[in-house]
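final-v6.pdb (PDB, C-alpha atoms) appears below.
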```
ATOM      1  CA  MET M 664       1.629   5.916 -15.327  1.00  0.00           C
ATOM      2  CA  ILE M 665       3.394   4.174 -12.439  1.00  0.00           C
ATOM      3  CA  GLN M 666       4.355   6.372  -9.480  1.00  0.00           C
ATOM      4  CA  GLU M 667       6.194   5.691  -6.239  1.00  0.00           C
ATOM      5  CA  LEU M 668       3.897   5.490  -3.217  1.00  0.00           C
ATOM      6  CA  SER M 669       4.723   8.356  -0.871  1.00  0.00           C
ATOM      7  CA  ILE M 670       5.044   7.642   2.839  1.00  0.00           C
ATOM      8  CA  ARG M 671       2.957   9.896   5.095  1.00  0.00           C
ATOM      9  CA  THR M 672       4.663   8.722   8.283  1.00  0.00           C
ATOM     10  CA  PRO M 673       8.215   7.474   7.668  1.00  0.00           C
ATOM     11  CA  PRO M 674       9.239   4.368   9.659  1.00  0.00           C
ATOM     12  CA  LEU M 675      12.086   4.369  12.182  1.00  0.00           C
ATOM     13  CA  LEU M 676      14.030   1.991   9.937  1.00  0.00           C
ATOM     14  CA  PRO M 677      13.938   2.705   6.204  1.00  0.00           C
ATOM     15  CA  PHE M 678      12.057   0.316   3.954  1.00  0.00           C
ATOM     16  CA  ARG M 679      14.167  -2.108   1.914  1.00  0.00           C
ATOM     17  CA  PHE M 680      11.737  -2.037  -1.014  1.00  0.00           C
ATOM     18  CA  LYS M 681       9.709   0.691  -2.652  1.00  0.00           C
ATOM     19  CA  ARG M 682       5.983   0.460  -3.310  1.00  0.00           C
ATOM     20  CA  TYR M 683       4.280   1.882  -6.364  1.00  0.00           C
ATOM     21  CA  PHE M 684       0.795   2.713  -7.573  1.00  0.00           C
ATOM     22  CA  GLU M 685      -0.977   3.193 -10.869  1.00  0.00           C
ATOM     23  CA  SER M 686      -4.542   3.905 -11.916  1.00  0.00           C
ATOM     24  CA  ARG M 687      -6.395   1.079 -13.635  1.00  0.00           C
ATOM     25  CA  ASN M 688     -10.090   1.091 -14.592  1.00  0.00           C
ATOM     26  CA  ASN M 689     -11.364   3.294 -11.734  1.00  0.00           C
ATOM     27  CA  GLU M 690      -9.133   1.500  -9.234  1.00  0.00           C
ATOM     28  CA  ILE M 691      -5.641   2.047  -7.928  1.00  0.00           C
ATOM     29  CA  ARG M 692      -3.220  -0.852  -8.187  1.00  0.00           C
ATOM     30  CA  ILE M 693      -0.669  -0.751  -5.365  1.00  0.00           C
ATOM     31  CA  PHE M 694       2.258  -3.111  -5.732  1.00  0.00           C
ATOM     32  CA  GLY M 695       5.785  -3.875  -4.632  1.00  0.00           C
ATOM     33  CA  GLN M 696       7.833  -6.371  -2.693  1.00  0.00           C
ATOM     34  CA  CYS M 697       6.953  -7.467   0.833  1.00  0.00           C
ATOM     35  CA  GLU M 698       9.431  -6.275   3.481  1.00  0.00           C
ATOM     36  CA  VAL M 699       9.349  -9.711   5.169  1.00  0.00           C
ATOM     37  CA  THR M 700       9.132 -12.267   2.354  1.00  0.00           C
ATOM     38  CA  GLY M 701      10.637 -10.248  -0.510  1.00  0.00           C
ATOM     39  CA  ARG M 702       7.844 -11.567  -2.746  1.00  0.00           C
ATOM     40  CA  ASN M 703       5.803  -9.392  -5.071  1.00  0.00           C
ATOM     41  CA  PHE M 704       2.406  -8.305  -3.770  1.00  0.00           C
ATOM     42  CA  GLU M 705      -0.358  -6.253  -5.347  1.00  0.00           C
ATOM     43  CA  MET M 706      -3.704  -4.973  -4.226  1.00  0.00           C
ATOM     44  CA  TYR M 707      -6.499  -2.802  -5.630  1.00  0.00           C
ATOM     45  CA  VAL M 708      -8.243   0.053  -3.828  1.00  0.00           C
ATOM     46  CA  PRO M 709     -10.866   2.655  -4.832  1.00  0.00           C
ATOM     47  CA  VAL M 710      -9.416   5.769  -6.516  1.00  0.00           C
ATOM     48  CA  GLU M 711     -11.300   8.318  -4.434  1.00  0.00           C
ATOM     49  CA  GLY M 712     -10.451   6.787  -1.053  1.00  0.00           C
ATOM     50  CA  PHE M 713      -6.800   6.367  -1.962  1.00  0.00           C
ATOM     51  CA  PHE M 714      -6.301  10.005  -2.926  1.00  0.00           C
ATOM     52  CA  VAL M 715      -8.260  11.234   0.119  1.00  0.00           C
ATOM     53  CA  TYR M 716      -5.775   9.267   2.255  1.00  0.00           C
ATOM     54  CA  LEU M 717      -2.713  10.536   0.369  1.00  0.00           C
ATOM     55  CA  GLN M 718      -3.854  14.136   0.772  1.00  0.00           C
ATOM     56  CA  GLY M 719      -4.140  13.629   4.540  1.00  0.00           C
ATOM     57  CA  PHE M 720      -7.857  14.305   4.864  1.00  0.00           C
ATOM     58  CA  LYS M 721      -8.624  10.895   6.424  1.00  0.00           C
ATOM     59  CA  THR M 722      -6.772   8.057   8.063  1.00  0.00           C
ATOM     60  CA  LEU M 723      -6.124   4.935   6.032  1.00  0.00           C
ATOM     61  CA  ALA M 724      -8.863   3.018   7.866  1.00  0.00           C
ATOM     62  CA  GLU M 725     -11.387   5.813   7.218  1.00  0.00           C
ATOM     63  CA  ALA M 726     -10.476   6.295   3.559  1.00  0.00           C
ATOM     64  CA  LEU M 727     -10.153   2.617   2.641  1.00  0.00           C
ATOM     65  CA  GLY M 728     -12.499   0.979   5.141  1.00  0.00           C
ATOM     66  CA  SER M 729     -13.756  -1.536   2.563  1.00  0.00           C
ATOM     67  CA  THR M 730     -10.218  -2.825   1.951  1.00  0.00           C
ATOM     68  CA  PRO M 731      -9.171  -5.710   4.244  1.00  0.00           C
ATOM     69  CA  GLU M 732      -7.033  -4.584   7.191  1.00  0.00           C
ATOM     70  CA  ASP M 733      -4.124  -6.899   6.346  1.00  0.00           C
ATOM     71  CA  GLU M 734      -3.951  -5.391   2.838  1.00  0.00           C
ATOM     72  CA  ARG M 735      -4.122  -1.818   4.196  1.00  0.00           C
ATOM     73  CA  GLY M 736      -1.118  -2.737   6.328  1.00  0.00           C
ATOM     74  CA  PHE M 737       0.930  -3.153   3.150  1.00  0.00           C
ATOM     75  CA  ILE M 738       0.499   0.553   2.414  1.00  0.00           C
ATOM     76  CA  LEU M 739       1.732   1.568   5.875  1.00  0.00           C
ATOM     77  CA  THR M 740       4.376  -1.035   6.646  1.00  0.00           C
ATOM     78  CA  GLY M 741       5.276  -2.701   3.349  1.00  0.00           C
ATOM     79  CA  ILE M 742       4.345  -6.078   4.832  1.00  0.00           C
ATOM     80  CA  SER M 743       1.947  -8.213   2.803  1.00  0.00           C
ATOM     81  CA  PRO M 744      -0.706 -10.462   4.410  1.00  0.00           C
ATOM     82  CA  GLU M 745       1.606 -13.423   3.718  1.00  0.00           C
ATOM     83  CA  GLY M 746       4.456 -11.587   5.475  1.00  0.00           C
ATOM     84  CA  ARG M 747       2.260 -10.942   8.512  1.00  0.00           C
ATOM     85  CA  LYS M 748       1.468 -14.665   8.749  1.00  0.00           C
ATOM     86  CA  ALA M 749       5.184 -15.475   8.521  1.00  0.00           C
ATOM     87  CA  GLN M 750       5.809 -13.113  11.450  1.00  0.00           C
ATOM     88  CA  GLY M 751       3.144 -14.899  13.457  1.00  0.00           C
ATOM     89  CA  GLY M 752       0.660 -12.043  13.287  1.00  0.00           C
TER      90      GLY M 752
END
```
Can I see the file as structure tokens?
Amino acid sequence: MIQELSIRTPPLLPFRFKRYFESRNNEIRIFGQCEVTGRNFEMYVPVEGFFVYLQGFKTLAEALGSTPEDERGFILTGISPEGRKAQGG
């Protein structure tokens, strides 16, 4: 079942696009459009770490430490790794 990704800390400016997640084979697929490029992006993270983060028990870096930092940024900011490169970051 696909669900909208909740935002733990809302941004100052609202996101243009929503992000979603669904469980797939012991992983969570997180997907949506990049706030910078408008292109579709998807990533996979471990189920346990993802739900520990959503429940507020750990920070994103602690809960999903094995996930690359630029991909974790998509969860927080809605900006994909490609979008970060386009911004010069």
Distance in Å - atom CA of Leu668 of chain M versus atom CA of Phe684 of chain M: 6.0 Å
Need the shell around Asn703 of chain M: protein/DNA/RNA residues with any atom at most 9 Å away, counting all atoms listed in the file. Skip same-chain ones fewer than 6 positions apart. Format as a PDB file with C-alpha atoms, in the frame of the given file?
```
ATOM      1  CA  PHE M 694       2.258  -3.111  -5.732  1.00  0.00           C
ATOM      2  CA  GLY M 695       5.785  -3.875  -4.632  1.00  0.00           C
ATOM      3  CA  GLN M 696       7.833  -6.371  -2.693  1.00  0.00           C
ATOM      4  CA  CYS M 697       6.953  -7.467   0.833  1.00  0.00           C
ATOM      5  CA  SER M 743       1.947  -8.213   2.803  1.00  0.00           C
TER       6      SER M 743
END
```
query: How far is it from atom CA of Glu698 of chain M to atom CA of Arg671 of chain M, in Å with one decimal?
result: 17.5 Å
task: List, as a ChimeraX atom specification, every residue that the PyMOL selection byres ((chain M and resi 708-725) around 10) selects in the file provided.
output: /M:668-671,685-693,706-707,726-732,734-736,738-739
Nearest residue to Ile665 of chain M from the set M:Phe704, M:Tyr683, M:Gln750, M:Thr740 (distances using only C-alpha atoms): M:Tyr683
- request: Identify, on the basis of only C-alpha atoms, every residue whose closest approach to Val699 of chain M does not exceed 7 Å; exclude the query and any residue fewer than 2 positions from it along the same chain; express the result as a ChimeraX atom specification.
  value: /M:697,701,742,746
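Comparing the minimum interatomic distances between Thr700 of chain M and each of M:Pro673, M:Asp733, M:Phe680, M:Glu667, counting all atoms listed in the file, we find that M:Phe680 sits nearest.
Across the structure, atom CA of Arg702 of chain M and atom CA of Lys748 of chain M are spaced 13.5 Å apart.
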Box in all listed atoms of segment 689-704 of chain M, axis-aligned, with 4 Å more on each side; write out centre and edge lengths in Å to one decimal as JSON.
```
{"center_x": -0.4, "center_y": -4.5, "center_z": -3.3, "size_x": 30.0, "size_y": 23.6, "size_z": 24.9}
```
Export all heavy atoms of segment 736-748 of chain M from the structure just given, as a PDB file, in the first residue's frame?
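Output below, filename part.pdb:
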```
ATOM      1  N   GLY M 736      18.895  13.033   2.006  1.00  0.00           N
ATOM      2  CA  GLY M 736      18.453  14.406   1.827  1.00  0.00           C
ATOM      3  C   GLY M 736      17.114  14.496   1.114  1.00  0.00           C
ATOM      4  O   GLY M 736      16.346  15.428   1.338  1.00  0.00           O
ATOM      5  N   PHE M 737      16.817  13.528   0.262  1.00  0.00           N
ATOM      6  CA  PHE M 737      15.532  13.517  -0.442  1.00  0.00           C
ATOM      7  C   PHE M 737      14.380  13.397   0.546  1.00  0.00           C
ATOM      8  O   PHE M 737      13.331  14.009   0.365  1.00  0.00           O
ATOM      9  CB  PHE M 737      15.491  12.374  -1.462  1.00  0.00           C
ATOM     10  CG  PHE M 737      14.209  12.307  -2.241  1.00  0.00           C
ATOM     11  CD1 PHE M 737      13.905  13.267  -3.187  1.00  0.00           C
ATOM     12  CD2 PHE M 737      13.304  11.286  -2.023  1.00  0.00           C
ATOM     13  CE1 PHE M 737      12.720  13.210  -3.907  1.00  0.00           C
ATOM     14  CE2 PHE M 737      12.118  11.215  -2.732  1.00  0.00           C
ATOM     15  CZ  PHE M 737      11.828  12.181  -3.681  1.00  0.00           C
ATOM     16  N   ILE M 738      14.563  12.629   1.605  1.00  0.00           N
ATOM     17  CA  ILE M 738      13.515  12.464   2.606  1.00  0.00           C
ATOM     18  C   ILE M 738      13.246  13.790   3.322  1.00  0.00           C
ATOM     19  O   ILE M 738      12.109  14.164   3.549  1.00  0.00           O
ATOM     20  CB  ILE M 738      13.900  11.372   3.630  1.00  0.00           C
ATOM     21  CG1 ILE M 738      13.998  10.019   2.927  1.00  0.00           C
ATOM     22  CG2 ILE M 738      12.899  11.311   4.781  1.00  0.00           C
ATOM     23  CD1 ILE M 738      14.569   8.912   3.783  1.00  0.00           C
ATOM     24  N   LEU M 739      14.303  14.518   3.644  1.00  0.00           N
ATOM     25  CA  LEU M 739      14.162  15.764   4.400  1.00  0.00           C
ATOM     26  C   LEU M 739      13.767  16.960   3.545  1.00  0.00           C
ATOM     27  O   LEU M 739      12.954  17.775   3.962  1.00  0.00           O
ATOM     28  CB  LEU M 739      15.475  16.086   5.119  1.00  0.00           C
ATOM     29  CG  LEU M 739      15.922  15.110   6.190  1.00  0.00           C
ATOM     30  CD1 LEU M 739      17.283  15.518   6.719  1.00  0.00           C
ATOM     31  CD2 LEU M 739      14.905  15.040   7.301  1.00  0.00           C
ATOM     32  N   THR M 740      14.367  17.070   2.362  1.00  0.00           N
ATOM     33  CA  THR M 740      14.204  18.288   1.573  1.00  0.00           C
ATOM     34  C   THR M 740      13.418  18.095   0.285  1.00  0.00           C
ATOM     35  O   THR M 740      13.010  19.076  -0.331  1.00  0.00           O
ATOM     36  CB  THR M 740      15.578  18.870   1.188  1.00  0.00           C
ATOM     37  OG1 THR M 740      16.258  17.938   0.328  1.00  0.00           O
ATOM     38  CG2 THR M 740      16.418  19.164   2.414  1.00  0.00           C
ATOM     39  N   GLY M 741      13.267  16.849  -0.158  1.00  0.00           N
ATOM     40  CA  GLY M 741      12.594  16.603  -1.431  1.00  0.00           C
ATOM     41  C   GLY M 741      13.510  16.835  -2.625  1.00  0.00           C
ATOM     42  O   GLY M 741      13.052  16.843  -3.759  1.00  0.00           O
ATOM     43  N   ILE M 742      14.801  17.012  -2.372  1.00  0.00           N
ATOM     44  CA  ILE M 742      15.752  17.250  -3.451  1.00  0.00           C
ATOM     45  C   ILE M 742      16.577  15.987  -3.680  1.00  0.00           C
ATOM     46  O   ILE M 742      17.238  15.497  -2.763  1.00  0.00           O
ATOM     47  CB  ILE M 742      16.673  18.446  -3.126  1.00  0.00           C
ATOM     48  CG1 ILE M 742      15.837  19.708  -2.899  1.00  0.00           C
ATOM     49  CG2 ILE M 742      17.699  18.664  -4.231  1.00  0.00           C
ATOM     50  CD1 ILE M 742      16.632  20.901  -2.405  1.00  0.00           C
ATOM     51  N   SER M 743      16.535  15.485  -4.902  1.00  0.00           N
ATOM     52  CA  SER M 743      17.241  14.264  -5.266  1.00  0.00           C
ATOM     53  C   SER M 743      18.747  14.566  -5.408  1.00  0.00           C
ATOM     54  O   SER M 743      19.143  15.736  -5.498  1.00  0.00           O
ATOM     55  CB  SER M 743      16.709  13.720  -6.589  1.00  0.00           C
ATOM     56  OG  SER M 743      17.061  14.595  -7.649  1.00  0.00           O
ATOM     57  N   PRO M 744      19.586  13.529  -5.461  1.00  0.00           N
ATOM     58  CA  PRO M 744      21.015  13.757  -5.691  1.00  0.00           C
ATOM     59  C   PRO M 744      21.272  14.552  -6.983  1.00  0.00           C
ATOM     60  O   PRO M 744      22.124  15.436  -7.020  1.00  0.00           O
ATOM     61  CB  PRO M 744      21.596  12.339  -5.782  1.00  0.00           C
ATOM     62  CG  PRO M 744      20.673  11.520  -4.936  1.00  0.00           C
ATOM     63  CD  PRO M 744      19.309  12.116  -5.167  1.00  0.00           C
ATOM     64  N   GLU M 745      20.499  14.272  -8.020  1.00  0.00           N
ATOM     65  CA  GLU M 745      20.623  15.010  -9.279  1.00  0.00           C
ATOM     66  C   GLU M 745      20.268  16.485  -9.071  1.00  0.00           C
ATOM     67  O   GLU M 745      20.913  17.382  -9.618  1.00  0.00           O
ATOM     68  CB  GLU M 745      19.710  14.389 -10.339  1.00  0.00           C
ATOM     69  CG  GLU M 745      19.820  15.034 -11.695  1.00  0.00           C
ATOM     70  CD  GLU M 745      18.875  14.419 -12.707  1.00  0.00           C
ATOM     71  OE1 GLU M 745      18.264  13.363 -12.443  1.00  0.00           O
ATOM     72  OE2 GLU M 745      18.743  15.019 -13.799  1.00  0.00           O
ATOM     73  N   GLY M 746      19.237  16.754  -8.284  1.00  0.00           N
ATOM     74  CA  GLY M 746      18.838  18.126  -7.978  1.00  0.00           C
ATOM     75  C   GLY M 746      19.899  18.873  -7.200  1.00  0.00           C
ATOM     76  O   GLY M 746      20.135  20.064  -7.414  1.00  0.00           O
ATOM     77  N   ARG M 747      20.580  18.177  -6.286  1.00  0.00           N
ATOM     78  CA  ARG M 747      21.659  18.798  -5.517  1.00  0.00           C
ATOM     79  C   ARG M 747      22.804  19.208  -6.444  1.00  0.00           C
ATOM     80  O   ARG M 747      23.389  20.275  -6.290  1.00  0.00           O
ATOM     81  CB  ARG M 747      22.198  17.850  -4.453  1.00  0.00           C
ATOM     82  CG  ARG M 747      21.247  17.669  -3.303  1.00  0.00           C
ATOM     83  CD  ARG M 747      21.960  17.018  -2.126  1.00  0.00           C
ATOM     84  NE  ARG M 747      21.012  16.693  -1.088  1.00  0.00           N
ATOM     85  CZ  ARG M 747      20.475  17.578  -0.269  1.00  0.00           C
ATOM     86  NH1 ARG M 747      20.782  18.830  -0.385  1.00  0.00           N
ATOM     87  NH2 ARG M 747      19.626  17.202   0.659  1.00  0.00           N
ATOM     88  N   LYS M 748      23.136  18.331  -7.397  1.00  0.00           N
ATOM     89  CA  LYS M 748      24.196  18.653  -8.361  1.00  0.00           C
ATOM     90  C   LYS M 748      23.799  19.859  -9.199  1.00  0.00           C
ATOM     91  O   LYS M 748      24.624  20.720  -9.495  1.00  0.00           O
ATOM     92  CB  LYS M 748      24.488  17.458  -9.251  1.00  0.00           C
ATOM     93  CG  LYS M 748      25.193  16.327  -8.538  1.00  0.00           C
ATOM     94  CD  LYS M 748      25.409  15.142  -9.441  1.00  0.00           C
ATOM     95  CE  LYS M 748      25.939  13.975  -8.646  1.00  0.00           C
ATOM     96  NZ  LYS M 748      25.977  12.744  -9.435  1.00  0.00           N
TER      97      LYS M 748
END
```
